[in-house]
>>> print(open('model_3.cif').read())   # mmCIF, C-alpha atoms
data_work
#
loop_
_atom_site.label_atom_id
_atom_site.label_comp_id
_atom_site.auth_asym_id
_atom_site.auth_seq_id
_atom_site.Cartn_x
_atom_site.Cartn_y
_atom_site.Cartn_z
CA MET A 13 -20.56 -4.57 24.59
CA GLU A 14 -17.62 -6.38 26.20
CA LYS A 15 -17.31 -8.74 23.23
CA GLU A 16 -17.23 -5.80 20.83
CA LYS A 17 -14.52 -4.07 22.91
CA LYS A 18 -12.43 -7.26 22.98
CA TRP A 19 -12.73 -7.58 19.22
CA THR A 20 -11.56 -3.98 18.81
CA THR A 21 -8.53 -4.61 21.02
CA VAL A 22 -7.67 -7.78 19.11
CA ARG A 23 -8.14 -5.99 15.81
CA LEU A 24 -5.85 -3.13 16.88
CA ALA A 25 -3.23 -5.62 18.04
CA LYS A 26 -3.36 -7.39 14.69
CA MET A 27 -3.11 -4.08 12.85
CA ALA A 28 -0.09 -3.12 15.00
CA MET A 29 1.50 -6.45 14.11
CA LEU A 30 0.99 -5.71 10.40
CA VAL A 31 2.63 -2.29 10.83
CA ALA A 32 5.60 -3.92 12.60
CA ILE A 33 5.97 -6.52 9.84
CA SER A 34 5.84 -3.75 7.23
CA ILE A 35 8.64 -1.83 8.97
CA VAL A 36 10.80 -4.95 9.28
CA LEU A 37 10.25 -5.82 5.61
CA VAL A 38 11.34 -2.38 4.40
CA ALA A 39 14.38 -2.48 6.71
CA LEU A 40 15.44 -5.87 5.33
CA ILE A 41 14.42 -5.64 1.67
CA HIS A 42 14.93 -2.55 -0.45
CA VAL A 43 16.49 -2.91 -3.88
CA PRO A 44 16.73 -0.55 -6.84
CA ILE A 45 14.67 -1.60 -9.85
CA PHE A 46 16.33 0.65 -12.44
CA PRO A 47 20.09 1.32 -12.11
CA ALA A 48 19.67 4.74 -13.78
CA VAL A 49 17.46 5.88 -10.88
CA ALA A 50 18.82 3.83 -7.98
CA PHE A 51 17.00 6.01 -5.43
CA LEU A 52 13.72 4.37 -6.53
CA GLU A 53 13.92 1.19 -4.47
CA TYR A 54 11.45 -1.66 -4.38
CA ASP A 55 10.34 -2.71 -0.91
CA PRO A 56 7.60 -5.11 0.21
CA ALA A 57 6.21 -2.80 2.94
CA ASP A 58 2.83 -2.54 1.21
CA ILE A 59 2.15 -6.29 1.42
CA PRO A 60 1.11 -6.33 5.12
CA ILE A 61 -0.84 -3.11 4.52
CA LEU A 62 -2.75 -4.67 1.61
CA ILE A 63 -3.39 -7.80 3.67
CA GLY A 64 -4.75 -5.61 6.47
CA THR A 65 -6.89 -3.75 3.96
CA PHE A 66 -8.47 -6.97 2.70
CA ALA A 67 -9.00 -8.22 6.26
CA PHE A 68 -10.25 -5.01 7.92
CA GLY A 69 -11.40 -2.74 5.09
CA PRO A 70 -10.12 0.22 3.07
CA GLY A 71 -10.36 2.67 5.99
CA ALA A 72 -8.14 0.42 8.08
CA GLY A 73 -5.77 0.19 5.10
CA VAL A 74 -5.36 3.97 5.05
CA ILE A 75 -4.75 4.01 8.82
CA LEU A 76 -2.15 1.26 8.42
CA THR A 77 -0.56 3.27 5.61
CA VAL A 78 -0.28 6.49 7.60
CA VAL A 79 1.05 4.81 10.75
CA THR A 80 3.55 2.72 8.78
CA SER A 81 4.68 5.71 6.69
CA VAL A 82 5.33 7.90 9.72
CA ILE A 83 7.19 5.20 11.67
CA GLN A 84 9.14 4.11 8.59
CA GLY A 85 9.96 7.73 7.73
CA ALA A 86 11.20 8.40 11.26
CA THR A 87 13.31 5.24 11.47
CA VAL A 88 14.47 3.00 8.61
CA SER A 89 13.81 5.52 5.82
CA SER A 90 14.63 8.72 7.68
CA ALA A 91 16.87 10.02 4.87
CA SER A 92 13.81 10.74 2.74
CA GLY A 93 12.16 12.79 5.51
CA VAL A 94 8.76 14.41 5.12
CA TYR A 95 8.96 13.98 1.35
CA GLY A 96 9.24 10.19 1.66
CA ILE A 97 6.45 10.01 4.23
CA LEU A 98 4.13 12.10 2.07
CA MET A 99 4.86 10.16 -1.12
CA HIS A 100 4.41 6.82 0.65
CA ILE A 101 1.08 7.94 2.09
CA ILE A 102 -0.16 9.11 -1.32
CA ALA A 103 1.04 6.02 -3.21
CA THR A 104 -0.03 3.34 -0.77
CA SER A 105 -3.30 5.03 0.21
CA THR A 106 -4.26 5.06 -3.46
CA LEU A 107 -3.37 1.39 -3.83
CA VAL A 108 -5.23 0.26 -0.71
CA LEU A 109 -8.30 2.45 -1.21
CA VAL A 110 -8.94 1.31 -4.77
CA SER A 111 -8.07 -2.35 -4.08
CA GLY A 112 -9.93 -2.39 -0.77
CA ILE A 113 -13.13 -0.75 -2.03
CA ILE A 114 -13.39 -3.17 -4.94
CA TYR A 115 -12.63 -6.21 -2.78
CA LYS A 116 -15.01 -5.13 0.00
CA LYS A 117 -17.99 -5.10 -2.39
CA ASN A 118 -17.56 -8.77 -3.30
CA LYS A 119 -14.95 -10.79 -1.43
CA THR A 120 -13.99 -13.25 -4.15
CA ARG A 121 -10.72 -14.17 -5.83
CA LYS A 122 -11.94 -12.44 -8.99
CA SER A 123 -12.70 -9.15 -7.22
CA ALA A 124 -9.36 -9.38 -5.39
CA ILE A 125 -7.58 -9.64 -8.75
CA ILE A 126 -9.63 -6.81 -10.25
CA GLY A 127 -9.11 -4.67 -7.15
CA LEU A 128 -5.36 -5.23 -7.08
CA LEU A 129 -5.02 -4.55 -10.83
CA CYS A 130 -7.09 -1.36 -10.55
CA GLY A 131 -5.18 -0.33 -7.43
CA THR A 132 -1.87 -0.85 -9.21
CA ALA A 133 -3.03 1.24 -12.19
CA ALA A 134 -4.42 3.97 -9.92
CA MET A 135 -1.22 4.16 -7.87
CA THR A 136 0.87 4.40 -11.03
CA LEU A 137 -1.28 7.23 -12.45
CA ILE A 138 -1.60 9.17 -9.17
CA MET A 139 2.15 9.02 -8.61
CA ILE A 140 2.80 10.56 -12.02
CA GLY A 141 0.86 13.63 -10.92
CA ALA A 142 2.22 13.57 -7.37
CA ASN A 143 5.79 13.46 -8.64
CA LEU A 144 5.19 16.33 -11.06
CA VAL A 145 3.76 18.51 -8.28
CA ILE A 146 5.52 17.44 -5.07
CA THR A 147 9.00 16.37 -6.20
CA PRO A 148 9.99 19.77 -7.68
CA TYR A 149 8.90 21.47 -4.45
CA PHE A 150 10.80 19.16 -2.09
CA MET A 151 13.82 18.46 -4.29
CA GLY A 152 14.24 21.92 -5.76
CA VAL A 153 14.35 20.64 -9.32
CA PRO A 154 12.39 21.85 -12.35
CA VAL A 155 9.28 19.97 -13.46
CA ALA A 156 11.08 19.24 -16.76
CA ALA A 157 13.75 17.27 -14.88
CA VAL A 158 11.08 15.17 -13.17
CA TRP A 159 9.27 14.71 -16.49
CA GLN A 160 12.45 13.28 -18.04
CA LEU A 161 12.46 10.59 -15.35
CA MET A 162 8.75 9.83 -15.72
CA PRO A 163 9.18 6.54 -17.64
CA PHE A 164 11.27 5.28 -14.70
CA ILE A 165 8.91 6.73 -12.06
CA ALA A 166 5.81 5.25 -13.70
CA GLY A 167 7.56 1.93 -14.32
CA PHE A 168 8.80 1.81 -10.74
CA ASN A 169 5.34 2.40 -9.29
CA ALA A 170 3.73 -0.15 -11.61
CA ILE A 171 6.36 -2.79 -10.82
CA LYS A 172 6.35 -2.14 -7.06
CA ALA A 173 2.55 -2.18 -6.79
CA GLY A 174 2.34 -5.16 -9.14
CA ILE A 175 4.80 -7.30 -7.16
CA ASN A 176 3.21 -6.35 -3.83
CA SER A 177 -0.27 -7.04 -5.22
CA LEU A 178 0.78 -10.44 -6.55
CA VAL A 179 2.36 -11.48 -3.24
CA THR A 180 -0.72 -10.22 -1.38
CA PHE A 181 -3.01 -12.24 -3.64
CA VAL A 182 -0.96 -15.39 -3.07
CA CYS A 183 -0.69 -14.92 0.72
CA TYR A 184 -3.97 -13.35 1.82
CA LYS A 185 -6.25 -16.38 1.95
CA ARG A 186 -3.63 -18.29 3.94
CA LEU A 187 -3.49 -15.49 6.53
CA SER A 188 -7.12 -14.40 6.54
CA GLY A 189 -8.20 -17.12 8.97
CA PHE A 190 -5.79 -15.81 11.60
CA LEU A 191 -6.71 -12.18 10.98
CA HIS A 192 -10.44 -12.87 11.25
CA ARG A 193 -10.18 -15.15 14.27
CA GLN A 194 -11.25 -13.50 17.51
#
>>> encode(input="model_3.cif", output="structure tokens")
Amino acid sequence: MEKEKKWTTVRLAKMAMLVAISIVLVALIHVPIFPAVAFLEYDPADIPILIGTFAFGPGAGVILTVVTSVIQGATVSSASGVYGILMHIIATSTLVLVSGIIYKKNKTRKSAIIGLLCGTAAMTLIMIGANLVITPYFMGVPVAAVWQLMPFIAGFNAIKAGINSLVTFVCYKRLSGFLHRQ
């Protein structure tokens, strides 16, 4: 029982470290991808969350997402408010759930690639719907205005998830030894 408790404490500490890294990354790196919609900024905050998902499972990935989103939304990204927190939770939860579930079934490089590609596609598709429903409500704009921006919104989500997935794929195996060490 004591060993299990220690492992849980260590695991929580490692997850907290991943949240902190995620917050620091978004504070330091956030750049617009498309000049026409400069408010859509790439940030690498999902990389530590994806790494935590692969190390600790999809459920842990969702917990990391929610904690990171709330802290990020209350600090470094406070201008986006509840809207930003909600959209980050929806986008990243989709990415980590799909990627994490696929990777958890068979922890190989091939399933990591398939999981990350499927997660990227799922995030892109879910965010099309989320933006059509949630953005008009929070921003007070008609659905038609959001629809006009959809090529940029879909492209942004695909690029952001794609870059973060690629970096995760390259870095995960190098970090997994530390994350799994007790």
>>> residues_around(input="model_3.cif", residues="region 48-56 of chain A", least_positions_apart="5", cutoff="8 Å", atoms="all atoms listed in the file", output="PyMOL selection string")
chain A and resi 34+37-38+41-43+164-165+168+172+176
>>> closest_residue(input="model_3.cif", among="A:Val145, A:Ile113, A:Leu161, A:Leu107", to="Tyr95 (chain A)", atoms="all atoms listed in the file")
A:Val145
>>> atom_distance(input="model_3.cif", atom1="CA of Ile126 (chain A)", atom2="CA of Val74 (chain A)")
19.2 Å
>>> residues_around(input="model_3.cif", residues="His192 (chain A)", least_positions_apart="2", cutoff="12 Å", atoms="all atoms listed in the file", output="PDB file with C-alpha atoms, in the frame of the given file")
ATOM      1  CA  TRP A  19     -12.730  -7.580  19.220  1.00  0.00           C
ATOM      2  CA  THR A  20     -11.560  -3.980  18.810  1.00  0.00           C
ATOM      3  CA  VAL A  22      -7.670  -7.780  19.110  1.00  0.00           C
ATOM      4  CA  ARG A  23      -8.140  -5.990  15.810  1.00  0.00           C
ATOM      5  CA  LYS A  26      -3.360  -7.390  14.690  1.00  0.00           C
ATOM      6  CA  MET A  27      -3.110  -4.080  12.850  1.00  0.00           C
ATOM      7  CA  ILE A  63      -3.390  -7.800   3.670  1.00  0.00           C
ATOM      8  CA  GLY A  64      -4.750  -5.610   6.470  1.00  0.00           C
ATOM      9  CA  PHE A  66      -8.470  -6.970   2.700  1.00  0.00           C
ATOM     10  CA  ALA A  67      -9.000  -8.220   6.260  1.00  0.00           C
ATOM     11  CA  PHE A  68     -10.250  -5.010   7.920  1.00  0.00           C
ATOM     12  CA  GLY A  69     -11.400  -2.740   5.090  1.00  0.00           C
ATOM     13  CA  TYR A 184      -3.970 -13.350   1.820  1.00  0.00           C
ATOM     14  CA  LYS A 185      -6.250 -16.380   1.950  1.00  0.00           C
ATOM     15  CA  ARG A 186      -3.630 -18.290   3.940  1.00  0.00           C
ATOM     16  CA  LEU A 187      -3.490 -15.490   6.530  1.00  0.00           C
ATOM     17  CA  SER A 188      -7.120 -14.400   6.540  1.00  0.00           C
ATOM     18  CA  GLY A 189      -8.200 -17.120   8.970  1.00  0.00           C
ATOM     19  CA  PHE A 190      -5.790 -15.810  11.600  1.00  0.00           C
ATOM     20  CA  GLN A 194     -11.250 -13.500  17.510  1.00  0.00           C
TER      21      GLN A 194
END
>>> atom_distance(input="model_3.cif", atom1="CA of Leu178 (chain A)", atom2="CA of Ser81 (chain A)")
21.2 Å
>>> atom_distance(input="model_3.cif", atom1="CA of Pro47 (chain A)", atom2="CA of Leu137 (chain A)")
22.2 Å
>>> closest_residue(input="model_3.cif", among="A:Ile102, A:Ile146, A:Val31, A:Ala156", to="Thr65 (chain A)", atoms="only C-alpha atoms")
A:Val31
>>> resolve_selection(input="model_3.cif", expression="the PyMOL selection byres ((chain A and resi 89) around 12)", output="compact mmCIF listing (two decimals) with C-alpha atoms, in the frame of the given file")
# COMPACT_ATOMS: atom_id res chain seq x y z
CA ILE A 35 8.64 -1.83 8.97
CA VAL A 36 10.80 -4.95 9.28
CA LEU A 37 10.25 -5.82 5.61
CA VAL A 38 11.34 -2.38 4.40
CA ALA A 39 14.38 -2.48 6.71
CA LEU A 40 15.44 -5.87 5.33
CA ILE A 41 14.42 -5.64 1.67
CA HIS A 42 14.93 -2.55 -0.45
CA PHE A 51 17.00 6.01 -5.43
CA GLU A 53 13.92 1.19 -4.47
CA ASP A 55 10.34 -2.71 -0.91
CA ALA A 57 6.21 -2.80 2.94
CA THR A 80 3.55 2.72 8.78
CA SER A 81 4.68 5.71 6.69
CA VAL A 82 5.33 7.90 9.72
CA ILE A 83 7.19 5.20 11.67
CA GLN A 84 9.14 4.11 8.59
CA GLY A 85 9.96 7.73 7.73
CA ALA A 86 11.20 8.40 11.26
CA THR A 87 13.31 5.24 11.47
CA VAL A 88 14.47 3.00 8.61
CA SER A 90 14.63 8.72 7.68
CA ALA A 91 16.87 10.02 4.87
CA SER A 92 13.81 10.74 2.74
CA GLY A 93 12.16 12.79 5.51
CA VAL A 94 8.76 14.41 5.12
CA TYR A 95 8.96 13.98 1.35
CA GLY A 96 9.24 10.19 1.66
CA ILE A 97 6.45 10.01 4.23
CA HIS A 100 4.41 6.82 0.65
>>> closest_residue(input="model_3.cif", among="A:Met99, A:Leu129, A:Ala72, A:Ile61", to="Leu144 (chain A)", atoms="all atoms listed in the file")
A:Met99
>>> closest_residue(input="model_3.cif", among="A:Val79, A:Ile59, A:Arg193, A:Phe46", to="Ala166 (chain A)", atoms="only C-alpha atoms")
A:Phe46
>>> axis_aligned_box(input="model_3.cif", around="region 165-173 of chain A", padding_each_side="3 Å", output="AutoDock Vina command-line options")
--center_x 5.7 --center_y 2.0 --center_z -10.6 --size_x 12.4 --size_y 15.5 --size_z 13.5
>>> closest_residue(input="model_3.cif", among="A:Asn143, A:Gln160, A:Asn169, A:Thr120", to="Thr104 (chain A)", atoms="all atoms listed in the file")
A:Asn169
>>> residues_around(input="model_3.cif", residues="Cys130 (chain A)", least_positions_apart="4", cutoff="8 Å", atoms="all atoms listed in the file", output="list in words")
Val110, Ser111, Ile126 and Ala134 of chain A
>>> closest_residue(input="model_3.cif", among="A:Ala25, A:Leu76, A:Ala124, A:Ile171", to="Cys183 (chain A)", atoms="only C-alpha atoms")
A:Ala124
>>> residues_around(input="model_3.cif", residues="Ser177 (chain A)", least_positions_apart="2", cutoff="8 Å", atoms="all atoms listed in the file", output="ChimeraX atom specification")
/A:59,62,128-129,132,173-175,179-181
>>> decode(input="model_3.cif", residues="region 122-151 of chain A", atoms="N, CA and C atoms", output="PDB file, in the first residue's frame")
ATOM      1  N   LYS A 122       4.459   2.992 -34.248  1.00  0.00           N
ATOM      2  CA  LYS A 122       3.407   3.006 -35.265  1.00  0.00           C
ATOM      3  C   LYS A 122       2.081   3.469 -34.666  1.00  0.00           C
ATOM      4  N   SER A 123       1.705   2.938 -33.510  1.00  0.00           N
ATOM      5  CA  SER A 123       0.428   3.357 -32.916  1.00  0.00           C
ATOM      6  C   SER A 123       0.507   4.793 -32.405  1.00  0.00           C
ATOM      7  N   ALA A 124       1.696   5.249 -32.009  1.00  0.00           N
ATOM      8  CA  ALA A 124       1.851   6.656 -31.625  1.00  0.00           C
ATOM      9  C   ALA A 124       1.582   7.552 -32.831  1.00  0.00           C
ATOM     10  N   ILE A 125       2.143   7.193 -33.979  1.00  0.00           N
ATOM     11  CA  ILE A 125       1.931   7.981 -35.198  1.00  0.00           C
ATOM     12  C   ILE A 125       0.454   7.967 -35.583  1.00  0.00           C
ATOM     13  N   ILE A 126      -0.143   6.783 -35.584  1.00  0.00           N
ATOM     14  CA  ILE A 126      -1.566   6.677 -35.940  1.00  0.00           C
ATOM     15  C   ILE A 126      -2.422   7.464 -34.956  1.00  0.00           C
ATOM     16  N   GLY A 127      -2.124   7.326 -33.666  1.00  0.00           N
ATOM     17  CA  GLY A 127      -2.872   8.047 -32.645  1.00  0.00           C
ATOM     18  C   GLY A 127      -2.765   9.553 -32.805  1.00  0.00           C
ATOM     19  N   LEU A 128      -1.558  10.041 -33.034  1.00  0.00           N
ATOM     20  CA  LEU A 128      -1.355  11.483 -33.186  1.00  0.00           C
ATOM     21  C   LEU A 128      -2.019  12.011 -34.460  1.00  0.00           C
ATOM     22  N   LEU A 129      -1.939  11.244 -35.549  1.00  0.00           N
ATOM     23  CA  LEU A 129      -2.613  11.664 -36.788  1.00  0.00           C
ATOM     24  C   LEU A 129      -4.133  11.688 -36.610  1.00  0.00           C
ATOM     25  N   CYS A 130      -4.676  10.649 -35.981  1.00  0.00           N
ATOM     26  CA  CYS A 130      -6.124  10.601 -35.731  1.00  0.00           C
ATOM     27  C   CYS A 130      -6.547  11.693 -34.756  1.00  0.00           C
ATOM     28  N   GLY A 131      -5.723  11.932 -33.740  1.00  0.00           N
ATOM     29  CA  GLY A 131      -6.017  12.997 -32.782  1.00  0.00           C
ATOM     30  C   GLY A 131      -6.017  14.365 -33.442  1.00  0.00           C
ATOM     31  N   THR A 132      -5.066  14.592 -34.328  1.00  0.00           N
ATOM     32  CA  THR A 132      -5.001  15.861 -35.067  1.00  0.00           C
ATOM     33  C   THR A 132      -6.246  16.043 -35.932  1.00  0.00           C
ATOM     34  N   ALA A 133      -6.631  14.991 -36.648  1.00  0.00           N
ATOM     35  CA  ALA A 133      -7.833  15.059 -37.491  1.00  0.00           C
ATOM     36  C   ALA A 133      -9.082  15.282 -36.642  1.00  0.00           C
ATOM     37  N   ALA A 134      -9.185  14.567 -35.527  1.00  0.00           N
ATOM     38  CA  ALA A 134     -10.360  14.707 -34.661  1.00  0.00           C
ATOM     39  C   ALA A 134     -10.451  16.112 -34.078  1.00  0.00           C
ATOM     40  N   MET A 135      -9.320  16.644 -33.615  1.00  0.00           N
ATOM     41  CA  MET A 135      -9.319  18.002 -33.065  1.00  0.00           C
ATOM     42  C   MET A 135      -9.755  19.011 -34.123  1.00  0.00           C
ATOM     43  N   THR A 136      -9.246  18.866 -35.328  1.00  0.00           N
ATOM     44  CA  THR A 136      -9.599  19.784 -36.411  1.00  0.00           C
ATOM     45  C   THR A 136     -11.103  19.741 -36.677  1.00  0.00           C
ATOM     46  N   LEU A 137     -11.671  18.540 -36.769  1.00  0.00           N
ATOM     47  CA  LEU A 137     -13.107  18.395 -37.058  1.00  0.00           C
ATOM     48  C   LEU A 137     -13.979  18.882 -35.896  1.00  0.00           C
ATOM     49  N   ILE A 138     -13.628  18.511 -34.674  1.00  0.00           N
ATOM     50  CA  ILE A 138     -14.417  18.923 -33.508  1.00  0.00           C
ATOM     51  C   ILE A 138     -14.414  20.443 -33.369  1.00  0.00           C
ATOM     52  N   MET A 139     -13.276  21.058 -33.658  1.00  0.00           N
ATOM     53  CA  MET A 139     -13.193  22.513 -33.497  1.00  0.00           C
ATOM     54  C   MET A 139     -13.966  23.265 -34.569  1.00  0.00           C
ATOM     55  N   ILE A 140     -14.231  22.628 -35.694  1.00  0.00           N
ATOM     56  CA  ILE A 140     -15.122  23.256 -36.680  1.00  0.00           C
ATOM     57  C   ILE A 140     -16.503  23.402 -36.051  1.00  0.00           C
ATOM     58  N   GLY A 141     -17.014  22.317 -35.510  1.00  0.00           N
ATOM     59  CA  GLY A 141     -18.326  22.360 -34.859  1.00  0.00           C
ATOM     60  C   GLY A 141     -18.341  23.255 -33.639  1.00  0.00           C
ATOM     61  N   ALA A 142     -17.307  23.155 -32.801  1.00  0.00           N
ATOM     62  CA  ALA A 142     -17.249  23.971 -31.586  1.00  0.00           C
ATOM     63  C   ALA A 142     -17.241  25.457 -31.922  1.00  0.00           C
ATOM     64  N   ASN A 143     -16.498  25.826 -32.955  1.00  0.00           N
ATOM     65  CA  ASN A 143     -16.461  27.238 -33.341  1.00  0.00           C
ATOM     66  C   ASN A 143     -17.790  27.713 -33.913  1.00  0.00           C
ATOM     67  N   LEU A 144     -18.491  26.851 -34.624  1.00  0.00           N
ATOM     68  CA  LEU A 144     -19.785  27.243 -35.175  1.00  0.00           C
ATOM     69  C   LEU A 144     -20.846  27.405 -34.093  1.00  0.00           C
ATOM     70  N   VAL A 145     -20.716  26.679 -32.990  1.00  0.00           N
ATOM     71  CA  VAL A 145     -21.704  26.740 -31.914  1.00  0.00           C
ATOM     72  C   VAL A 145     -21.297  27.739 -30.826  1.00  0.00           C
ATOM     73  N   ILE A 146     -20.058  27.650 -30.368  1.00  0.00           N
ATOM     74  CA  ILE A 146     -19.627  28.411 -29.184  1.00  0.00           C
ATOM     75  C   ILE A 146     -19.181  29.832 -29.517  1.00  0.00           C
ATOM     76  N   THR A 147     -18.445  30.010 -30.604  1.00  0.00           N
ATOM     77  CA  THR A 147     -17.922  31.332 -30.941  1.00  0.00           C
ATOM     78  C   THR A 147     -19.025  32.373 -31.135  1.00  0.00           C
ATOM     79  N   PRO A 148     -20.103  32.087 -31.869  1.00  0.00           N
ATOM     80  CA  PRO A 148     -21.160  33.106 -31.995  1.00  0.00           C
ATOM     81  C   PRO A 148     -21.752  33.503 -30.637  1.00  0.00           C
ATOM     82  N   TYR A 149     -21.890  32.539 -29.743  1.00  0.00           N
ATOM     83  CA  TYR A 149     -22.455  32.825 -28.420  1.00  0.00           C
ATOM     84  C   TYR A 149     -21.544  33.759 -27.617  1.00  0.00           C
ATOM     85  N   PHE A 150     -20.252  33.429 -27.542  1.00  0.00           N
ATOM     86  CA  PHE A 150     -19.328  34.213 -26.732  1.00  0.00           C
ATOM     87  C   PHE A 150     -18.908  35.517 -27.398  1.00  0.00           C
ATOM     88  N   MET A 151     -18.785  35.522 -28.706  1.00  0.00           N
ATOM     89  CA  MET A 151     -18.292  36.701 -29.408  1.00  0.00           C
ATOM     90  C   MET A 151     -19.398  37.601 -29.948  1.00  0.00           C
TER      91      MET A 151
END
